[in-house]
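Novice: I'm passing along target.cif; it holds mmCIF, C-alpha atoms and all ligand atoms.
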data_input
#
loop_
_atom_site.label_atom_id
_atom_site.label_comp_id
_atom_site.auth_asym_id
_atom_site.auth_seq_id
_atom_site.Cartn_x
_atom_site.Cartn_y
_atom_site.Cartn_z
CA MET A 12 0.00 0.00 0.00
CA SER A 13 2.12 2.87 -1.23
CA LEU A 14 1.14 6.41 -0.32
CA ASP A 15 4.61 7.80 -1.00
CA HIS A 16 3.22 10.95 -2.63
CA VAL A 17 1.42 12.07 0.55
CA THR A 18 3.95 13.95 2.67
CA ALA A 19 1.98 15.17 5.68
CA LEU A 20 -1.32 16.23 7.18
CA VAL A 21 -1.16 19.82 8.43
CA CYS A 22 -3.47 21.51 10.96
CA VAL A 23 -5.29 24.49 9.43
CA ILE A 24 -5.05 26.34 12.77
CA CYS A 25 -1.50 25.78 14.08
CA ASP A 26 0.28 24.50 10.95
CA LYS A 27 1.59 21.53 12.91
CA SER A 28 2.51 18.69 10.60
CA TYR A 29 1.65 15.01 11.17
CA PRO A 30 2.98 11.99 9.25
CA PRO A 31 0.12 10.54 7.15
CA THR A 32 0.35 7.15 8.86
CA GLU A 33 0.10 8.64 12.37
CA ALA A 34 -2.42 11.43 11.86
CA GLY A 35 -5.93 10.93 13.23
CA TYR A 36 -8.89 12.79 11.82
CA VAL A 37 -7.95 16.15 13.40
CA CYS A 38 -5.06 17.92 15.14
CA PRO A 39 -5.07 16.68 18.77
CA ASP A 40 -4.07 20.17 19.96
CA HIS A 41 -7.16 21.74 18.39
CA GLY A 42 -9.84 19.07 18.70
CA ASN A 43 -12.64 19.08 16.17
CA GLU A 44 -11.69 22.56 14.91
CA GLY A 45 -8.18 21.36 14.00
CA ILE A 46 -9.04 20.16 10.50
CA LEU A 47 -6.08 18.69 8.66
CA ASP A 48 -4.99 19.52 5.13
CA VAL A 49 -3.38 16.77 3.05
CA ARG A 50 0.02 17.77 1.61
CA TYR A 51 1.75 16.18 -1.39
CA ASP A 52 5.10 15.71 -3.09
CA TYR A 53 4.27 17.50 -6.33
CA GLU A 54 7.56 16.64 -8.00
CA LEU A 55 6.80 12.94 -7.59
CA ILE A 56 3.20 13.41 -8.68
CA GLY A 57 4.32 15.42 -11.73
CA SER A 58 6.39 12.44 -12.83
CA ARG A 59 3.28 10.22 -12.70
CA ILE A 60 0.51 12.37 -14.16
CA THR A 61 0.45 15.25 -16.65
CA PRO A 62 -2.17 16.99 -18.79
CA GLN A 63 -0.82 14.88 -21.67
CA SER A 64 -1.23 11.58 -19.82
CA LEU A 65 -4.70 12.67 -18.75
CA ALA A 66 -5.63 13.45 -22.36
CA GLU A 67 -4.80 9.82 -23.21
CA SER A 68 -6.59 8.35 -20.17
CA HIS A 69 -9.63 6.15 -20.74
CA ASP A 70 -10.75 6.48 -17.12
CA THR A 71 -13.87 8.67 -17.19
CA THR A 72 -14.32 8.81 -13.40
CA MET A 73 -12.82 10.93 -10.63
CA TRP A 74 -10.13 8.25 -10.29
CA ARG A 75 -8.44 9.52 -13.46
CA TYR A 76 -6.67 11.85 -10.96
CA ARG A 77 -5.63 8.98 -8.69
CA PRO A 78 -1.91 9.95 -8.54
CA LEU A 79 -3.08 13.29 -7.13
CA LEU A 80 -5.38 11.71 -4.53
CA PRO A 81 -4.52 10.24 -1.11
CA VAL A 82 -5.03 6.64 -2.21
CA ALA A 83 -2.63 3.88 -3.18
CA PRO A 84 -2.22 3.02 -6.89
CA ASP A 85 -3.77 -0.42 -6.33
CA ALA A 86 -6.46 0.47 -3.76
CA PRO A 87 -9.84 -0.86 -4.89
CA VAL A 88 -12.45 1.86 -5.56
CA PRO A 89 -16.26 1.54 -5.52
CA PRO A 90 -17.72 0.39 -8.84
CA LEU A 91 -20.23 3.24 -9.27
CA THR A 92 -19.21 5.82 -11.86
CA VAL A 93 -18.37 8.93 -9.84
CA GLY A 94 -17.07 12.09 -11.44
CA TRP A 95 -16.25 13.34 -14.96
CA THR A 96 -19.61 15.10 -15.04
CA PRO A 97 -20.29 17.33 -18.03
CA THR A 98 -19.42 21.02 -18.08
CA TYR A 99 -21.92 22.59 -20.47
CA GLU A 100 -21.50 25.94 -22.17
CA ALA A 101 -24.62 28.10 -21.75
CA PRO A 102 -24.40 30.97 -24.26
CA ARG A 103 -27.92 32.29 -23.65
CA LEU A 104 -27.22 32.67 -19.94
CA ALA A 105 -23.93 34.41 -20.74
CA ALA A 106 -25.73 36.86 -23.04
CA ASP A 107 -28.39 37.56 -20.40
CA LEU A 108 -25.76 38.24 -17.75
CA GLY A 109 -23.41 40.25 -19.96
CA VAL A 110 -20.39 38.01 -19.45
CA ALA A 111 -18.17 36.40 -22.09
CA HIS A 112 -18.87 32.75 -21.31
CA VAL A 113 -20.87 30.73 -18.82
CA TRP A 114 -20.42 27.02 -18.23
CA VAL A 115 -22.56 24.92 -15.90
CA LYS A 116 -20.98 21.82 -14.37
CA ASP A 117 -23.80 19.36 -13.74
CA GLU A 118 -23.16 17.41 -10.55
CA GLY A 119 -26.76 16.22 -10.59
CA ARG A 120 -25.45 13.52 -12.95
CA GLN A 121 -23.59 11.68 -10.18
CA PRO A 122 -24.82 8.19 -9.15
CA THR A 123 -26.76 9.47 -6.11
CA ALA A 124 -27.37 12.84 -7.80
CA SER A 125 -25.08 15.27 -5.99
CA LEU A 126 -21.42 16.27 -5.81
CA LYS A 127 -21.16 14.49 -2.44
CA ASP A 128 -20.49 11.21 -4.26
CA ARG A 129 -16.92 12.39 -4.84
CA ALA A 130 -16.27 12.60 -1.09
CA SER A 131 -18.17 9.46 -0.20
CA ALA A 132 -16.32 7.40 -2.80
CA MET A 133 -13.11 8.61 -1.18
CA ALA A 134 -14.51 7.76 2.29
CA LEU A 135 -15.12 4.15 1.26
CA VAL A 136 -11.57 3.74 -0.03
CA LYS A 137 -10.12 5.20 3.18
CA ALA A 138 -12.51 3.16 5.37
CA ALA A 139 -11.40 -0.05 3.64
CA GLU A 140 -7.77 1.00 4.10
CA ALA A 141 -8.49 1.45 7.83
CA GLY A 142 -10.28 -1.92 7.97
CA ALA A 143 -13.49 -0.30 9.19
CA GLU A 144 -16.54 -2.45 9.83
CA VAL A 145 -19.05 0.38 9.90
CA VAL A 146 -18.96 3.84 8.31
CA THR A 147 -21.07 6.76 9.46
CA THR A 148 -21.95 10.33 8.62
CA ALA A 149 -24.29 13.13 9.55
CA SER A 150 -25.68 15.12 6.69
CA THR A 151 -28.36 17.54 5.53
CA GLY A 152 -29.21 14.71 3.11
CA ASN A 153 -26.88 14.52 0.13
CA ALA A 154 -23.70 13.37 1.87
CA ALA A 155 -25.88 10.75 3.52
CA ALA A 156 -27.39 9.57 0.24
CA ALA A 157 -23.89 9.49 -1.25
CA LEU A 158 -22.37 7.43 1.56
CA SER A 159 -25.43 5.20 1.54
CA GLY A 160 -25.33 4.51 -2.21
CA LEU A 161 -21.57 4.08 -2.44
CA SER A 162 -21.73 1.74 0.57
CA ALA A 163 -24.45 -0.32 -1.10
CA SER A 164 -22.21 -0.70 -4.16
CA VAL A 165 -19.59 -2.56 -2.09
CA GLY A 166 -21.76 -4.02 0.70
CA GLN A 167 -20.35 -1.75 3.40
CA LYS A 168 -22.36 -1.47 6.64
CA ASN A 169 -23.28 2.13 7.45
CA VAL A 170 -25.23 4.28 9.88
CA ILE A 171 -26.62 7.62 8.78
CA PHE A 172 -27.80 10.64 10.80
CA VAL A 173 -30.03 13.23 9.12
CA PRO A 174 -32.36 15.92 10.45
CA GLU A 175 -35.94 14.65 10.37
CA THR A 176 -36.78 17.64 8.15
CA ALA A 177 -34.57 16.42 5.29
CA PRO A 178 -36.42 16.35 1.93
CA GLU A 179 -38.31 13.11 1.36
CA ALA A 180 -36.36 12.15 -1.76
CA LYS A 181 -33.09 12.15 0.15
CA VAL A 182 -34.46 10.07 3.03
CA THR A 183 -36.04 7.65 0.55
CA GLN A 184 -32.66 7.14 -1.11
CA LEU A 185 -31.17 6.08 2.24
CA LEU A 186 -33.91 3.56 2.87
CA ALA A 187 -33.70 2.12 -0.65
CA TYR A 188 -29.95 1.61 -0.30
CA GLY A 189 -30.51 -0.21 3.00
CA SER A 190 -28.67 2.07 5.42
CA THR A 191 -29.38 2.15 9.12
CA VAL A 192 -31.06 5.56 9.27
CA ALA A 193 -31.44 7.82 12.29
CA LEU A 194 -33.84 10.72 11.69
CA VAL A 195 -32.77 13.20 14.35
CA LYS A 196 -35.26 15.55 16.01
CA GLY A 197 -33.09 18.60 15.48
CA ASN A 198 -31.16 20.37 12.75
CA TYR A 199 -28.04 19.30 10.85
CA ASP A 200 -25.75 20.63 13.56
CA ALA A 201 -27.52 18.47 16.17
CA ALA A 202 -27.29 15.40 13.91
CA PHE A 203 -23.59 16.14 13.41
CA GLU A 204 -22.83 16.29 17.13
CA LEU A 205 -24.68 13.04 17.79
CA CYS A 206 -22.91 11.28 14.92
CA MET A 207 -19.54 12.44 16.26
CA GLU A 208 -20.35 11.00 19.69
CA ALA A 209 -21.64 7.73 18.27
CA ALA A 210 -18.60 7.26 16.00
CA ALA A 211 -16.27 7.75 18.97
CA GLU A 212 -18.35 5.48 21.19
CA PHE A 213 -18.66 2.59 18.70
CA GLY A 214 -15.42 2.99 16.76
CA TRP A 215 -17.15 3.64 13.42
CA TYR A 216 -15.25 5.14 10.47
CA ASN A 217 -16.27 8.80 10.44
CA ARG A 218 -16.98 10.47 7.08
CA ASN A 219 -18.17 13.75 8.57
CA THR A 220 -17.60 16.87 6.52
CA GLY A 221 -15.11 19.28 8.02
CA PHE A 222 -13.70 16.52 10.20
CA ASN A 223 -12.42 13.76 7.94
CA PRO A 224 -9.48 15.34 6.08
CA TYR A 225 -9.90 13.22 2.96
CA MET A 226 -13.37 14.46 1.98
CA THR A 227 -12.01 17.72 0.53
CA GLU A 228 -9.56 15.66 -1.52
CA GLY A 229 -12.44 13.78 -3.13
CA LYS A 230 -14.35 16.98 -3.78
CA LYS A 231 -11.35 18.66 -5.39
CA THR A 232 -11.77 16.39 -8.41
CA ALA A 233 -14.69 18.63 -9.46
CA GLY A 234 -12.23 21.54 -9.68
CA LEU A 235 -9.65 19.49 -11.57
CA GLU A 236 -12.34 18.47 -14.06
CA ILE A 237 -13.34 22.09 -14.63
CA LEU A 238 -9.74 22.91 -15.53
CA GLU A 239 -9.27 19.85 -17.74
CA GLN A 240 -12.63 20.26 -19.46
CA LEU A 241 -11.70 23.86 -20.28
CA GLY A 242 -8.38 22.69 -21.76
CA TRP A 243 -6.32 23.90 -18.77
CA ASP A 244 -7.26 27.47 -19.70
CA PRO A 245 -8.69 28.46 -16.30
CA PRO A 246 -11.95 30.39 -16.12
CA ASP A 247 -11.89 33.84 -14.51
CA ALA A 248 -14.44 32.97 -11.85
CA ILE A 249 -16.08 29.91 -10.31
CA PHE A 250 -19.34 30.12 -8.33
CA VAL A 251 -19.87 27.58 -5.56
CA SER A 252 -22.71 27.38 -3.04
CA VAL A 253 -21.48 27.08 0.54
CA GLY A 254 -22.86 25.30 3.59
CA ASP A 255 -20.06 23.68 5.58
CA GLY A 256 -17.53 25.03 3.10
CA SER A 257 -15.99 21.73 2.14
CA ILE A 258 -16.82 21.87 -1.57
CA ILE A 259 -15.41 25.37 -1.97
CA GLY A 260 -12.31 24.27 -0.06
CA GLY A 261 -11.99 21.34 -2.45
CA VAL A 262 -12.30 23.57 -5.51
CA HIS A 263 -9.59 25.79 -4.07
CA LYS A 264 -7.39 22.77 -3.39
CA ALA A 265 -7.71 21.75 -7.04
CA MET A 266 -6.47 25.17 -8.10
CA LYS A 267 -3.55 25.01 -5.67
CA ASP A 268 -2.61 21.53 -6.91
CA ALA A 269 -2.76 22.62 -10.55
CA LEU A 270 -0.66 25.72 -9.80
CA ALA A 271 1.93 23.67 -7.88
CA LEU A 272 2.17 21.22 -10.77
CA GLY A 273 2.51 24.05 -13.31
CA TRP A 274 -0.67 22.97 -15.11
CA ILE A 275 -2.17 26.47 -14.83
CA GLU A 276 -0.53 29.85 -14.31
CA ARG A 277 -3.24 31.68 -12.40
CA SER A 278 -6.16 30.72 -10.20
CA PRO A 279 -9.73 31.67 -11.02
CA ARG A 280 -11.45 33.93 -8.51
CA ILE A 281 -13.61 31.72 -6.32
CA TYR A 282 -16.99 33.09 -5.19
CA GLY A 283 -18.82 31.48 -2.29
CA VAL A 284 -22.60 31.79 -2.43
CA GLN A 285 -24.68 31.60 0.72
CA ALA A 286 -28.37 31.79 1.46
CA ALA A 287 -29.25 35.00 3.30
CA GLY A 288 -30.68 32.88 6.13
CA SER A 289 -27.51 30.77 6.40
CA ASP A 290 -24.80 33.36 5.87
CA TYR A 291 -22.15 32.67 8.51
CA MET A 292 -19.32 32.89 5.98
CA ALA A 293 -20.72 35.99 4.26
CA GLN A 294 -20.97 37.71 7.65
CA ALA A 295 -17.42 36.81 8.58
CA PHE A 296 -16.16 37.87 5.14
CA GLU A 297 -17.70 41.32 5.61
CA THR A 298 -16.79 41.89 9.25
CA GLY A 299 -13.45 40.09 9.35
CA GLU A 300 -14.56 38.30 12.54
CA ASP A 301 -12.33 35.55 13.89
CA LEU A 302 -13.68 32.23 12.62
CA LEU A 303 -12.57 30.47 15.79
CA THR A 304 -14.62 32.65 18.11
CA LYS A 305 -17.56 33.76 15.95
CA ALA A 306 -20.71 32.20 17.42
CA PRO A 307 -22.98 29.87 15.42
CA ILE A 308 -26.02 31.43 13.74
CA ASP A 309 -29.59 30.12 13.48
CA ALA A 310 -29.69 28.94 9.90
CA VAL A 311 -32.98 28.83 7.98
CA THR A 312 -33.19 28.48 4.20
CA VAL A 313 -35.12 26.71 1.46
CA ALA A 314 -31.76 25.43 0.21
CA ASP A 315 -31.45 22.66 2.81
CA SER A 316 -28.06 21.46 1.54
CA ILE A 317 -26.42 24.76 2.44
CA SER A 318 -28.10 25.26 5.80
CA ALA A 319 -25.42 25.31 8.52
CA ASP A 320 -25.33 27.11 11.85
CA LEU A 321 -21.57 26.73 12.08
CA PRO A 322 -19.78 25.84 8.83
CA ARG A 323 -17.44 23.00 9.80
CA ASP A 324 -14.85 23.70 7.12
CA ARG A 325 -14.91 27.46 7.60
CA ILE A 326 -11.17 28.04 7.69
CA LYS A 327 -10.58 26.41 4.31
CA ALA A 328 -13.79 28.00 3.02
CA MET A 329 -12.58 31.52 3.88
CA ALA A 330 -9.12 30.91 2.40
CA ALA A 331 -10.71 29.76 -0.87
CA VAL A 332 -12.20 33.21 -1.34
CA THR A 333 -9.58 35.51 0.17
CA GLU A 334 -6.58 33.80 -1.47
CA THR A 335 -8.14 33.99 -4.94
CA SER A 336 -9.54 37.56 -4.78
CA GLY A 337 -13.09 36.23 -4.82
CA ALA A 338 -15.88 37.14 -2.40
CA TYR A 339 -18.79 35.81 -0.41
CA ILE A 340 -22.18 36.61 -1.88
CA ARG A 341 -25.54 36.42 -0.17
CA VAL A 342 -28.75 35.51 -2.00
CA THR A 343 -32.28 35.40 -0.64
CA ASP A 344 -34.46 32.29 -0.79
CA ASP A 345 -36.62 34.09 -3.37
CA GLU A 346 -33.55 34.71 -5.52
CA ILE A 347 -32.56 31.06 -5.20
CA LEU A 348 -36.01 29.86 -6.22
CA ALA A 349 -36.09 32.40 -9.07
CA ALA A 350 -32.72 31.11 -10.32
CA LEU A 351 -33.88 27.50 -10.45
CA PRO A 352 -36.09 27.76 -13.57
CA VAL A 353 -33.78 30.34 -15.17
CA LEU A 354 -30.86 27.92 -14.94
CA ALA A 355 -33.03 25.01 -16.12
CA ARG A 356 -34.41 26.95 -19.09
CA GLY A 357 -31.11 28.58 -20.02
CA SER A 358 -28.92 25.49 -19.84
CA GLY A 359 -31.06 22.37 -19.51
CA VAL A 360 -29.63 21.70 -16.04
CA PHE A 361 -32.31 21.13 -13.39
CA ALA A 362 -30.79 21.83 -9.98
CA GLU A 363 -31.99 21.52 -6.42
CA PRO A 364 -32.14 24.87 -4.56
CA ALA A 365 -28.56 24.61 -3.25
CA GLY A 366 -27.38 24.00 -6.81
CA ALA A 367 -29.42 26.88 -8.21
CA ALA A 368 -27.97 29.06 -5.44
CA GLY A 369 -24.64 29.03 -7.29
CA TYR A 370 -26.35 30.52 -10.32
CA ALA A 371 -28.28 33.01 -8.16
CA GLY A 372 -24.88 34.10 -6.83
CA LEU A 373 -23.65 34.70 -10.36
CA VAL A 374 -26.73 36.82 -11.09
CA ALA A 375 -26.04 38.89 -7.97
CA ALA A 376 -22.34 39.18 -8.83
CA ALA A 377 -23.17 40.43 -12.33
CA ASP A 378 -25.52 43.02 -10.77
CA GLN A 379 -22.80 44.16 -8.39
CA GLY A 380 -20.20 44.35 -11.17
CA LEU A 381 -18.05 41.59 -9.67
CA VAL A 382 -18.07 39.89 -13.07
CA GLY A 383 -18.21 41.63 -16.43
CA PRO A 384 -18.06 41.36 -20.22
CA SER A 385 -14.57 39.84 -20.38
CA ASP A 386 -15.15 37.15 -17.78
CA ARG A 387 -15.35 33.41 -18.44
CA VAL A 388 -17.42 31.96 -15.63
CA VAL A 389 -18.20 28.47 -14.32
CA VAL A 390 -21.18 27.67 -12.08
CA LEU A 391 -20.99 24.46 -10.12
CA SER A 392 -24.50 23.02 -10.06
CA THR A 393 -24.05 20.80 -7.04
CA GLY A 394 -27.21 18.66 -6.92
CA ASN A 395 -30.15 17.40 -8.97
CA GLY A 396 -33.54 19.14 -9.03
CA LEU A 397 -35.35 15.84 -8.43
CA LYS A 398 -33.90 15.85 -4.90
CA ASP A 399 -36.45 18.43 -3.79
CA ILE A 400 -39.55 18.50 -5.94
CA ALA A 401 -41.58 20.54 -3.44
CA SER A 402 -39.16 23.47 -3.76
CA ALA A 403 -38.93 23.12 -7.53
CA MET A 404 -42.72 23.24 -7.78
CA LYS A 405 -42.76 26.37 -5.63
CA ALA A 406 -40.16 27.91 -7.94
CA VAL A 407 -42.07 27.28 -11.16
CA THR A 408 -45.36 28.37 -9.60
CA ALA A 409 -43.74 31.62 -8.48
CA VAL A 410 -42.90 32.49 -12.09
CA GLY A 411 -46.48 31.71 -13.16
CA THR A 412 -45.72 28.55 -15.11
CA GLN A 413 -48.78 26.35 -15.40
CA PRO A 414 -49.64 23.31 -17.47
CA MET A 415 -52.63 23.36 -19.81
CA HIS A 416 -55.52 21.25 -18.53
CA ILE A 417 -57.22 19.79 -21.61
CA LEU A 418 -59.47 17.04 -22.94
CA PRO A 419 -57.78 14.40 -25.10
CA THR A 420 -58.91 16.15 -28.30
CA LEU A 421 -57.23 18.39 -30.84
CA ASP A 422 -59.99 20.99 -30.41
CA SER A 423 -59.36 21.22 -26.70
CA LEU A 424 -55.63 21.63 -27.38
CA LYS A 425 -56.29 24.36 -29.96
CA ASP A 426 -58.55 26.17 -27.48
CA ALA A 427 -55.99 25.99 -24.72
CA MET A 428 -53.18 27.22 -26.97
CA LYS A 429 -55.06 30.39 -27.96
C1 LIG A 501 -23.34 19.76 0.47
C2 LIG A 501 -23.90 20.58 -0.62
C3 LIG A 501 -23.53 21.92 -0.82
C4 LIG A 501 -22.59 22.65 0.10
O1 LIG A 501 -21.35 22.01 0.30
P1 LIG A 501 -20.52 22.35 1.60
O2 LIG A 501 -19.29 21.56 1.45
O3 LIG A 501 -21.35 21.93 2.76
O4 LIG A 501 -20.28 23.82 1.59
C5 LIG A 501 -24.08 22.60 -1.88
N1 LIG A 501 -24.97 22.02 -2.70
C6 LIG A 501 -25.36 20.74 -2.54
C7 LIG A 501 -26.37 20.17 -3.48
C8 LIG A 501 -24.85 19.99 -1.50
O5 LIG A 501 -25.26 18.72 -1.35
ZN ZN A 502 -3.46 22.32 15.53
#
Could you render the structure from this file as structure tokens?
Specialist:
Amino acid sequence: MSLDHVTALVCVICDKSYPPTEAGYVCPDHGNEGILDVRYDYELIGSRITPQSLAESHDTTMWRYRPLLPVAPDAPVPPLTVGWTPTYEAPRLAADLGVAHVWVKDEGRQPTASLKDRASAMALVKAAEAGAEVVTTASTGNAAAALSGLSASVGQKNVIFVPETAPEAKVTQLLAYGSTVALVKGNYDAAFELCMEAAAEFGWYNRNTGFNPYMTEGKKTAGLEILEQLGWDPPDAIFVSVGDGSIIGGVHKAMKDALALGWIERSPRIYGVQAAGSDYMAQAFETGEDLLTKAPIDAVTVADSISADLPRDRIKAMAAVTETSGAYIRVTDDEILAALPVLARGSGVFAEPAGAAGYAGLVAAADQGLVGPSDRVVVLSTGNGLKDIASAMKAVTAVGTQPMHILPTLDSLKDAMK
């Protein structure tokens, strides 16, 4: 089992470095806040993988980047096809917004229908490496569905904690895949705390976001794909919706990897998009408050996947924006719901509210002049619209879209179409 390209795991708070074989989930000096960042030997990696070798690769999954991931060359990976989702150009949306190019990366195409599959696939590889009998996670729904589905693909036992208010589609996925499901009377943050306690008590492998250092590494493959699918000519801006901040941290990590390997010469600006009712990061971005002492908020938003009182991966999430000259952007629930049909009609990509939030952020950024006519922009559409039909129906009703109710006759159709 050779992980010779992984040099260390480094605490995001104190910079203390731990050998990969000895590191636990977090820095012992900083407890659950001491999230670790995986560090690599880029010279070694550069000798194993290049844009040229990638161009010749027949692997159309996230594992095409295996030499750049914290897994051994021969480690078995789950059989479901995770990653290499399409990045569609959307010229009508670009014209509407007054920017040069817009692409939408459709993560709704993943096996369990959200970007979380990238992290959960990674979790299963690392759990097998650790010889884990049971894996667990808390989730607003999608990370749970992802761990559940990926586990089913390899017969891995798993226990899942979700708030009892999670959308029905997401809970149904868990039950279909055969997970042990705990619906917690409380919000995501409460489910998270309970899952942490249970994992420690029972010795389960813990996939929790903003705790397990390898989840960001799985998610970074979305960023690497954006670069590769745009021919290593980086966009000017990437829009990412933010709850815990792990996806945006992963996208940033992809840019840092590509810069370190000399595959790109500049990083895109990364914009984090938050719901106005779940805007911890946006608040901290504006006020400059210390992320280690800023108190949790009371998050409420229609975009359940980005509802977080205390974003677990907030340190990486802030760095993603400040180190790339991006910004945090706040959008209201109405703006998110308004963006959903606009994105669907302008690109063919049907997103759940948290996915549409990324596009709503781009609309707001264009309004505020943060992006303009020369900018090439990517929106990460993080999850499928079928995940939350109730919200999608609200969104189309709000813009006055109604079906025709007709008899099964041509006359009735003609009448209705008048
Ligand atoms: C999890 C999720 C997000 C937010 O990701 P974080 O890492 O929590 O910031 C956004 N959209 C969807 C669909 C998600 O499932
Ligand atoms: Zn530390």
Novice: Got a sec: who's within 7 Å of region 327-342 of chain A, counting all atoms listed in the file, leaving out chain neighbours fewer than 4 positions off, as a PyMOL selection string?
Specialist: chain A and resi 256-257+259-260+263+278-287+290+293+296+346-347+371-372
Novice: List the spatial neighbours of His416 (chain A) as a PyMOL selection string - criterion: any atom at most 12 Å away, only C-alpha atoms, same-chain residues fewer than 2 positions off excluded.
Specialist: chain A and resi 413-414+418-420+423-428
Novice: Env of Val23 (chain A): 10 Å cut, atoms = all atoms listed in the file, seq-sep filter 3 positions within chain, self excluded. Answer as a list in words.
Specialist: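 Within the cut-off, the hits are Leu20, Asp26, Lys27, Ser28, Val37, Cys38, His41, Glu44, Gly45, Ile46, Leu47, Asp48, Asp324, Ile326 and Lys327 of chain A.
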Novice: Hey, which of A:Asp268, A:Asp422, A:Asp309, A:Glu140 ends up closest to Leu79 (chain A)? Count only C-alpha atoms.
Specialist: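 Of the candidates, the smallest distance to Leu79 (chain A) is held by A:Asp268.
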Novice: Have a look at A:Asn169, A:Ser392, A:Gln121, A:Ser316 and name the one nearest to Gly366 (chain A); count all atoms listed in the file.
Specialist: A:Ser392
Novice: Just checking: using only C-alpha atoms, which residue out of A:Gly411, A:Gly242, A:Pro97, A:Pro307 ends up closest to Thr71 (chain A)?
Specialist: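 Closest to Thr71 (chain A), using only C-alpha atoms: A:Pro97.
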Novice: Measure the distance from CA of Thr98 (chain A) to CA of Lys267 (chain A) in Å and round it to one decimal.
Specialist: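 Result for CA of Thr98 (chain A) versus CA of Lys267 (chain A): 20.5 Å, one decimal.
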Novice: Output the neighbourhood of ligand LIG 501 (chain A) as a list of chain:residue names, that is, all protein and nucleic acid residues with some atom at most 7 Å from the ligand, counting all atoms listed in the file.
Specialist: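 Checking all atoms listed in the file against ligand LIG 501 (chain A) at 7 Å gives A:Ser125, A:Leu126, A:Lys127, A:Asn153, A:Ala154, A:Ser252, A:Val253, A:Gly254, A:Asp255, A:Gly256, A:Ser257, A:Ile258, A:Ile259, A:Ser316, A:Ile317, A:Glu363, A:Ala365, A:Gly366, A:Thr393, A:Gly394.
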Novice: Nearest to Phe203 (chain A): which of A:Pro84, A:Gly152, A:Pro224, A:Pro90 is it, counting all atoms listed in the file?
Specialist: A:Gly152
Novice: Using all atoms listed in the file for the distances, tell me which of A:Gly160, A:Glu204, A:Ala355, A:Asn198 is nearest to Leu185 (chain A).
Specialist: A:Gly160
Novice: If we count all atoms listed in the file and set the cut-off at 10 Å, which residues sit around Lys116 (chain A), ignoring sequence neighbours fewer than 2 positions away in its own chain? Please answer as an MDAnalysis selection string.
Specialist: chainID A and resid 95:100 113:114 118:120 233:234 236:237 240 360 389:393
Novice: Find the residue from A:Ala409, A:Met292, A:Ile24, A:Val17 that sits nearest to ligand ZN 502 (chain A); use only C-alpha atoms and all ligand atoms when measuring.
Specialist: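 Smallest distance to ligand ZN 502 (chain A) is found for A:Ile24.
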Novice: Could you tell me how far CA of Trp215 (chain A) lies from CA of Ala193 (chain A), in Å and to one decimal?
Specialist: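 Computed distance, CA of Trp215 (chain A) to CA of Ala193 (chain A), equals 14.9 Å.
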Novice: Quick one: distance from CA of Thr191 (chain A) to CA of Val173 (chain A) in Å, one decimal?
Specialist: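 CA of Thr191 (chain A) sits 11.1 Å away from CA of Val173 (chain A).
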Novice: Step by step, gather every atom of region 30-46 of chain A that the file lists, find the box along x, y and z that holds them, add 8 Å on each side, and finally give centre and edge lengths in Å to one decimal, as lines of an AutoDock Vina configuration file.
Specialist:
center_x = -4.8
center_y = 14.9
center_z = 13.6
size_x = 31.6
size_y = 31.4
size_z = 28.8
Novice: Just give me the residues with any atom within 7 Å of (-22.9, 23.6, 11.3), file coordinates, counting only C-alpha atoms, written as a PDB file with C-alpha atoms, keeping the file's coordinate frame.
Specialist:
ATOM      1  CA  TYR A 199     -28.040  19.300  10.850  1.00  0.00           C
ATOM      2  CA  ASP A 200     -25.750  20.630  13.560  1.00  0.00           C
ATOM      3  CA  ASP A 255     -20.060  23.680   5.580  1.00  0.00           C
ATOM      4  CA  ALA A 319     -25.420  25.310   8.520  1.00  0.00           C
ATOM      5  CA  ASP A 320     -25.330  27.110  11.850  1.00  0.00           C
ATOM      6  CA  LEU A 321     -21.570  26.730  12.080  1.00  0.00           C
ATOM      7  CA  PRO A 322     -19.780  25.840   8.830  1.00  0.00           C
ATOM      8  CA  ARG A 323     -17.440  23.000   9.800  1.00  0.00           C
TER       9      ARG A 323
END
